[in-house]
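Visitor: The following file, final_0.cif, comprises mmCIF, N, CA and C atoms:
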```
data_upload
loop_
_atom_site.label_atom_id
_atom_site.label_comp_id
_atom_site.auth_asym_id
_atom_site.auth_seq_id
_atom_site.Cartn_x
_atom_site.Cartn_y
_atom_site.Cartn_z
N MET A 1 -128.18 -203.67 -1.55
CA MET A 1 -129.06 -204.76 -1.19
C MET A 1 -130.50 -204.45 -1.59
N ARG A 2 -130.94 -203.23 -1.33
CA ARG A 2 -132.31 -202.85 -1.68
C ARG A 2 -132.52 -202.87 -3.18
N LEU A 3 -131.51 -202.44 -3.94
CA LEU A 3 -131.61 -202.45 -5.39
C LEU A 3 -131.76 -203.87 -5.90
N SER A 4 -130.99 -204.79 -5.35
CA SER A 4 -131.08 -206.21 -5.75
C SER A 4 -132.47 -206.75 -5.45
N PHE A 5 -133.01 -206.43 -4.29
CA PHE A 5 -134.35 -206.88 -3.92
C PHE A 5 -135.39 -206.33 -4.90
N ALA A 6 -135.28 -205.07 -5.25
CA ALA A 6 -136.22 -204.44 -6.19
C ALA A 6 -136.14 -205.09 -7.56
N ILE A 7 -134.94 -205.40 -8.02
CA ILE A 7 -134.78 -206.04 -9.33
C ILE A 7 -135.39 -207.44 -9.32
N VAL A 8 -135.19 -208.18 -8.25
CA VAL A 8 -135.76 -209.52 -8.13
C VAL A 8 -137.29 -209.43 -8.12
N MET A 9 -137.85 -208.50 -7.39
CA MET A 9 -139.31 -208.35 -7.33
C MET A 9 -139.89 -207.99 -8.70
N LEU A 10 -139.24 -207.10 -9.42
CA LEU A 10 -139.70 -206.74 -10.76
C LEU A 10 -139.64 -207.93 -11.70
N ALA A 11 -138.58 -208.69 -11.61
CA ALA A 11 -138.42 -209.86 -12.48
C ALA A 11 -139.51 -210.90 -12.18
N MET A 12 -139.88 -211.04 -10.91
CA MET A 12 -140.93 -211.99 -10.56
C MET A 12 -142.30 -211.52 -11.01
N ALA A 13 -142.54 -210.23 -11.01
CA ALA A 13 -143.84 -209.68 -11.40
C ALA A 13 -144.01 -209.65 -12.91
N ALA A 14 -142.95 -209.54 -13.66
CA ALA A 14 -143.03 -209.39 -15.11
C ALA A 14 -143.74 -210.55 -15.80
N PRO A 15 -143.42 -211.82 -15.51
CA PRO A 15 -144.13 -212.90 -16.20
C PRO A 15 -145.62 -212.88 -15.94
N ALA A 16 -146.06 -212.48 -14.74
CA ALA A 16 -147.49 -212.40 -14.46
C ALA A 16 -148.14 -211.35 -15.34
N ALA A 17 -147.48 -210.24 -15.57
CA ALA A 17 -148.03 -209.20 -16.43
C ALA A 17 -148.09 -209.68 -17.87
N TRP A 18 -147.06 -210.39 -18.32
CA TRP A 18 -147.06 -210.89 -19.69
C TRP A 18 -148.15 -211.93 -19.90
N ALA A 19 -148.47 -212.70 -18.86
CA ALA A 19 -149.48 -213.74 -18.98
C ALA A 19 -150.86 -213.14 -19.22
N ASP A 20 -151.06 -211.90 -18.85
CA ASP A 20 -152.36 -211.26 -19.00
C ASP A 20 -152.46 -210.39 -20.24
N THR A 21 -151.54 -210.57 -21.18
CA THR A 21 -151.57 -209.78 -22.41
C THR A 21 -151.42 -210.69 -23.61
N LEU A 22 -151.93 -210.21 -24.73
CA LEU A 22 -151.82 -210.90 -26.01
C LEU A 22 -151.21 -209.93 -26.99
N ARG A 23 -150.14 -210.33 -27.66
CA ARG A 23 -149.51 -209.45 -28.65
C ARG A 23 -150.15 -209.71 -30.00
N CYS A 24 -150.63 -208.65 -30.61
CA CYS A 24 -151.16 -208.68 -31.96
C CYS A 24 -150.44 -207.59 -32.75
N LYS A 25 -149.61 -208.03 -33.68
CA LYS A 25 -148.79 -207.11 -34.47
C LYS A 25 -147.98 -206.24 -33.52
N ASN A 26 -148.19 -204.94 -33.50
CA ASN A 26 -147.41 -204.04 -32.64
C ASN A 26 -148.18 -203.60 -31.39
N SER A 27 -149.27 -204.29 -31.07
CA SER A 27 -150.10 -203.88 -29.95
C SER A 27 -150.20 -204.99 -28.91
N LEU A 28 -150.40 -204.58 -27.66
CA LEU A 28 -150.67 -205.52 -26.58
C LEU A 28 -152.14 -205.42 -26.22
N ILE A 29 -152.79 -206.56 -26.14
CA ILE A 29 -154.21 -206.64 -25.80
C ILE A 29 -154.30 -207.11 -24.36
N SER A 30 -155.10 -206.43 -23.55
CA SER A 30 -155.28 -206.84 -22.16
C SER A 30 -156.73 -206.62 -21.74
N VAL A 31 -157.07 -207.12 -20.57
CA VAL A 31 -158.42 -206.97 -20.03
C VAL A 31 -158.80 -205.49 -20.05
N GLY A 32 -160.02 -205.22 -20.48
CA GLY A 32 -160.50 -203.84 -20.59
C GLY A 32 -160.58 -203.35 -22.02
N ALA A 33 -159.93 -204.07 -22.95
CA ALA A 33 -159.97 -203.68 -24.37
C ALA A 33 -161.37 -203.96 -24.93
N THR A 34 -161.77 -203.19 -25.91
CA THR A 34 -163.07 -203.40 -26.53
C THR A 34 -162.96 -204.41 -27.66
N GLN A 35 -164.10 -204.99 -28.05
CA GLN A 35 -164.11 -205.93 -29.16
C GLN A 35 -163.62 -205.26 -30.44
N GLY A 36 -164.01 -204.03 -30.66
CA GLY A 36 -163.58 -203.30 -31.85
C GLY A 36 -162.08 -203.13 -31.91
N PHE A 37 -161.47 -202.78 -30.76
CA PHE A 37 -160.02 -202.60 -30.69
C PHE A 37 -159.31 -203.92 -30.97
N VAL A 38 -159.79 -205.01 -30.35
CA VAL A 38 -159.17 -206.32 -30.55
C VAL A 38 -159.29 -206.74 -32.01
N ALA A 39 -160.46 -206.58 -32.60
CA ALA A 39 -160.64 -206.96 -34.01
C ALA A 39 -159.75 -206.12 -34.92
N GLU A 40 -159.59 -204.84 -34.61
CA GLU A 40 -158.73 -203.97 -35.41
C GLU A 40 -157.27 -204.40 -35.33
N LYS A 41 -156.80 -204.75 -34.15
CA LYS A 41 -155.39 -205.08 -33.95
C LYS A 41 -155.06 -206.53 -34.28
N CYS A 42 -156.00 -207.45 -34.02
CA CYS A 42 -155.72 -208.89 -34.17
C CYS A 42 -156.39 -209.52 -35.38
N GLY A 43 -157.33 -208.80 -36.00
CA GLY A 43 -158.09 -209.39 -37.09
C GLY A 43 -159.23 -210.23 -36.56
N GLU A 44 -159.92 -210.88 -37.47
CA GLU A 44 -161.04 -211.73 -37.07
C GLU A 44 -160.51 -212.97 -36.37
N PRO A 45 -161.18 -213.42 -35.30
CA PRO A 45 -160.73 -214.62 -34.60
C PRO A 45 -160.96 -215.87 -35.44
N ASP A 46 -160.29 -216.95 -35.09
CA ASP A 46 -160.47 -218.23 -35.78
C ASP A 46 -161.85 -218.82 -35.48
N SER A 47 -162.38 -218.54 -34.30
CA SER A 47 -163.73 -218.97 -33.97
C SER A 47 -164.36 -217.99 -32.99
N LYS A 48 -165.70 -217.94 -33.05
CA LYS A 48 -166.49 -217.08 -32.15
C LYS A 48 -167.66 -217.89 -31.62
N ALA A 49 -168.01 -217.65 -30.37
CA ALA A 49 -169.21 -218.27 -29.79
C ALA A 49 -169.83 -217.27 -28.83
N THR A 50 -171.15 -217.30 -28.73
CA THR A 50 -171.87 -216.42 -27.81
C THR A 50 -172.68 -217.29 -26.86
N PHE A 51 -172.57 -216.99 -25.57
CA PHE A 51 -173.29 -217.72 -24.53
C PHE A 51 -174.11 -216.73 -23.73
N SER A 52 -175.31 -217.15 -23.34
CA SER A 52 -176.15 -216.33 -22.48
C SER A 52 -176.41 -217.10 -21.20
N GLU A 53 -176.16 -216.46 -20.07
CA GLU A 53 -176.35 -217.10 -18.77
C GLU A 53 -177.30 -216.26 -17.94
N PRO A 54 -178.20 -216.92 -17.22
CA PRO A 54 -179.13 -216.16 -16.37
C PRO A 54 -178.40 -215.55 -15.17
N ILE A 55 -178.89 -214.40 -14.76
CA ILE A 55 -178.41 -213.77 -13.53
C ILE A 55 -179.40 -214.12 -12.45
N ARG A 56 -178.93 -214.81 -11.41
CA ARG A 56 -179.81 -215.24 -10.33
C ARG A 56 -179.57 -214.38 -9.11
N VAL A 57 -180.64 -213.99 -8.46
CA VAL A 57 -180.59 -213.20 -7.23
C VAL A 57 -181.02 -214.11 -6.09
N VAL A 58 -180.21 -214.17 -5.06
CA VAL A 58 -180.51 -215.01 -3.89
C VAL A 58 -181.23 -214.17 -2.85
N ILE A 59 -182.33 -214.69 -2.37
CA ILE A 59 -183.14 -214.02 -1.36
C ILE A 59 -182.73 -214.55 0.00
N PRO A 60 -182.53 -213.65 0.97
CA PRO A 60 -182.23 -214.14 2.32
C PRO A 60 -183.32 -215.11 2.77
N GLY A 61 -182.92 -216.24 3.26
CA GLY A 61 -183.89 -217.26 3.68
C GLY A 61 -183.89 -218.44 2.73
N GLY A 62 -183.13 -218.36 1.62
CA GLY A 62 -182.96 -219.54 0.79
C GLY A 62 -183.54 -219.52 -0.60
N GLY A 63 -184.39 -218.59 -0.93
CA GLY A 63 -184.96 -218.58 -2.27
C GLY A 63 -184.08 -217.85 -3.27
N SER A 64 -184.43 -217.94 -4.53
CA SER A 64 -183.72 -217.20 -5.57
C SER A 64 -184.66 -217.00 -6.75
N PHE A 65 -184.32 -216.03 -7.60
CA PHE A 65 -185.09 -215.80 -8.81
C PHE A 65 -184.16 -215.26 -9.90
N GLU A 66 -184.61 -215.45 -11.14
CA GLU A 66 -183.83 -214.97 -12.28
C GLU A 66 -184.11 -213.49 -12.50
N ASN A 67 -183.05 -212.71 -12.66
CA ASN A 67 -183.19 -211.26 -12.82
C ASN A 67 -182.40 -210.82 -14.06
N GLY A 68 -182.79 -211.32 -15.22
CA GLY A 68 -182.11 -210.96 -16.46
C GLY A 68 -181.07 -212.00 -16.85
N SER A 69 -180.21 -211.61 -17.79
CA SER A 69 -179.16 -212.52 -18.24
C SER A 69 -177.94 -211.70 -18.68
N VAL A 70 -176.81 -212.39 -18.78
CA VAL A 70 -175.58 -211.77 -19.24
C VAL A 70 -175.12 -212.54 -20.48
N SER A 71 -174.68 -211.80 -21.47
CA SER A 71 -174.21 -212.40 -22.71
C SER A 71 -172.69 -212.33 -22.74
N ARG A 72 -172.05 -213.46 -23.07
CA ARG A 72 -170.60 -213.52 -23.16
C ARG A 72 -170.21 -213.95 -24.57
N ASP A 73 -169.29 -213.22 -25.17
CA ASP A 73 -168.73 -213.60 -26.46
C ASP A 73 -167.35 -214.17 -26.20
N VAL A 74 -167.08 -215.34 -26.75
CA VAL A 74 -165.79 -216.00 -26.59
C VAL A 74 -165.12 -216.09 -27.96
N TRP A 75 -163.97 -215.46 -28.07
CA TRP A 75 -163.19 -215.48 -29.30
C TRP A 75 -161.95 -216.31 -29.08
N ARG A 76 -161.56 -217.08 -30.09
CA ARG A 76 -160.37 -217.92 -30.00
C ARG A 76 -159.44 -217.61 -31.16
N TYR A 77 -158.18 -217.34 -30.82
CA TYR A 77 -157.14 -217.08 -31.82
C TYR A 77 -156.10 -218.19 -31.73
N ARG A 78 -155.81 -218.84 -32.86
CA ARG A 78 -154.69 -219.77 -32.93
C ARG A 78 -153.48 -218.95 -33.32
N ARG A 79 -152.45 -219.02 -32.52
CA ARG A 79 -151.27 -218.20 -32.77
C ARG A 79 -150.15 -219.10 -33.24
N GLY A 80 -149.45 -218.68 -34.28
CA GLY A 80 -148.36 -219.47 -34.81
C GLY A 80 -147.28 -219.72 -33.77
N GLY A 81 -147.08 -220.96 -33.39
CA GLY A 81 -146.03 -221.31 -32.46
C GLY A 81 -146.36 -221.10 -30.99
N GLY A 82 -147.48 -220.47 -30.68
CA GLY A 82 -147.85 -220.22 -29.28
C GLY A 82 -149.13 -220.94 -28.91
N PHE A 83 -149.44 -220.89 -27.63
CA PHE A 83 -150.69 -221.49 -27.18
C PHE A 83 -151.86 -220.67 -27.70
N PRO A 84 -152.98 -221.33 -28.07
CA PRO A 84 -154.16 -220.57 -28.52
C PRO A 84 -154.66 -219.62 -27.42
N ALA A 85 -155.11 -218.45 -27.84
CA ALA A 85 -155.63 -217.45 -26.91
C ALA A 85 -157.16 -217.50 -26.94
N VAL A 86 -157.76 -217.47 -25.75
CA VAL A 86 -159.22 -217.45 -25.61
C VAL A 86 -159.59 -216.16 -24.90
N LEU A 87 -160.38 -215.33 -25.58
CA LEU A 87 -160.78 -214.02 -25.05
C LEU A 87 -162.28 -214.04 -24.76
N THR A 88 -162.66 -213.64 -23.56
CA THR A 88 -164.07 -213.60 -23.16
C THR A 88 -164.49 -212.15 -22.95
N PHE A 89 -165.53 -211.75 -23.68
CA PHE A 89 -166.05 -210.38 -23.63
C PHE A 89 -167.43 -210.38 -22.98
N GLU A 90 -167.69 -209.35 -22.20
CA GLU A 90 -169.03 -209.07 -21.67
C GLU A 90 -169.34 -207.63 -22.01
N GLY A 91 -170.48 -207.41 -22.65
CA GLY A 91 -170.87 -206.05 -23.02
C GLY A 91 -169.86 -205.39 -23.94
N GLY A 92 -169.18 -206.18 -24.76
CA GLY A 92 -168.22 -205.64 -25.71
C GLY A 92 -166.85 -205.31 -25.14
N VAL A 93 -166.62 -205.67 -23.86
CA VAL A 93 -165.35 -205.36 -23.18
C VAL A 93 -164.68 -206.67 -22.76
N LEU A 94 -163.37 -206.77 -23.00
CA LEU A 94 -162.62 -207.97 -22.65
C LEU A 94 -162.55 -208.11 -21.13
N LYS A 95 -163.09 -209.23 -20.63
CA LYS A 95 -163.12 -209.49 -19.19
C LYS A 95 -162.12 -210.56 -18.77
N LYS A 96 -161.76 -211.46 -19.71
CA LYS A 96 -160.88 -212.56 -19.35
C LYS A 96 -160.04 -212.95 -20.55
N LEU A 97 -158.76 -213.20 -20.31
CA LEU A 97 -157.81 -213.59 -21.36
C LEU A 97 -157.06 -214.81 -20.86
N GLU A 98 -157.18 -215.92 -21.59
CA GLU A 98 -156.55 -217.17 -21.18
C GLU A 98 -155.77 -217.75 -22.36
N PHE A 99 -154.82 -218.61 -22.04
CA PHE A 99 -154.06 -219.33 -23.06
C PHE A 99 -154.25 -220.82 -22.83
N GLU A 100 -154.72 -221.53 -23.87
CA GLU A 100 -154.92 -222.98 -23.77
C GLU A 100 -153.59 -223.68 -23.91
N LYS A 101 -153.46 -224.80 -23.26
CA LYS A 101 -152.25 -225.61 -23.38
C LYS A 101 -152.53 -226.85 -24.17
#
```
Mind converting the file's structure to structure tokens?
Guide:
Amino acid sequence: MRLSFAIVMLAMAAPAAWADTLRCKNSLISVGATQGFVAEKCGEPDSKATFSEPIRVVIPGGGSFENGSVSRDVWRYRRGGGFPAVLTFEGGVLKKLEFEK
């Protein structure tokens, strides 16, 4: 009974793990990969965009002020037969991996 439960739990967890990875040739790309590693394994993306957003600090009592900015690079890969992959990098490190429908 315990073995059956363990197998069911593993089977349920596996799709969630696959959803957070992108296969490029013989490599799996996941959050934490560097831009250099992704470019080496997947090639150049079909499109690239860079966004800069201010970092706001909230002061107790209701005020706020801008304290620098964060730059995000968004790469998009169209995959043959699969949903397009959208990769978001901060500081050269993959922070988010999504698949468009």
Visitor: Can you tell me, as a PyMOL selection string, what residues are no more than 9 Å from Val31 in chain A when counting only C-alpha atoms, ignoring any on the same chain fewer than 3 positions away?
Guide: chain A and resi 20-21+34+87+93-97
Visitor: Name the residues captured by the PyMOL selection byres (((chain A and resi 100 and name CA) around 12) and name CA) when it is applied to the shown file; answer as a PyMOL selection string.
Guide: chain A and resi 19+76-79+82-87+97-99+101
Visitor: Hey, which of A:Asp73, A:Asn67, A:Gly91, A:Asn26 ends up closest to Lys48 in chain A? Count only C-alpha atoms.
Guide: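 That would be A:Asp73, the residue with the smallest distance to Lys48 in chain A.
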Visitor: I need the strand (DSSP E or B) residues of chain A per DSSP on the backbone, written as a count of residues only.
Guide: 48
Visitor: What does the structure give for the distance between atom N of Ser69 in chain A and atom N of Val38 in chain A, in Å to one decimal?
Guide: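 Here the two named atoms are 24.9 Å from each other.
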Visitor: Would you pick out the contacts of Lys41 in chain A at 8 Å or less, using all atoms listed in the file, so that residues sharing its chain but fewer than 3 positions from it are not included, and give the list as a PyMOL selection string?
Guide: chain A and resi 23-27+35-38+44
Visitor: Work out how far CA of Val70 in chain A is from atom C of Val58 in chain A, in Å to one decimal.
Guide: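 It comes out at 17.5 Å.
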Visitor: Taking only N, CA and C atoms into account, name the residue in A:Phe65, A:Ile59, A:Gly32, A:Trp75 that is nearest to Asp46 in chain A.
Guide: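 Looking only at the distances to Asp46 in chain A, the closest residue turns out to be A:Trp75.
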Visitor: Would you list, as a PyMOL selection string, the residues of range 3-97 of chain A that end up in alpha helix (DSSP H) under DSSP run on this structure's backbone?
Guide: chain A and resi 3-19+35-42
Visitor: What does the PyMOL selection byres ((chain A and resi 52) around 7) select in this file, as a ChimeraX atom specification?
Guide: /A:50-51,53-54,69-72
Visitor: Quick one: distance from atom N of Gly80 in chain A to atom N of Gly92 in chain A in Å, one decimal?
Guide: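 Calculated distance between atom N of Gly80 in chain A and atom N of Gly92 in chain A is 25.2 Å.
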Visitor: Just need the box for range 70-84 of chain A, edges along x, y and z, holding every atom the file lists for it with 6 Å tacked onto each side, so centre and edge lengths in Å to one decimal, as lines of an AutoDock Vina configuration file.
Guide:
```
center_x = -161.4
center_y = -216.6
center_z = -26.8
size_x = 42.8
size_y = 21.7
size_z = 28.0
```
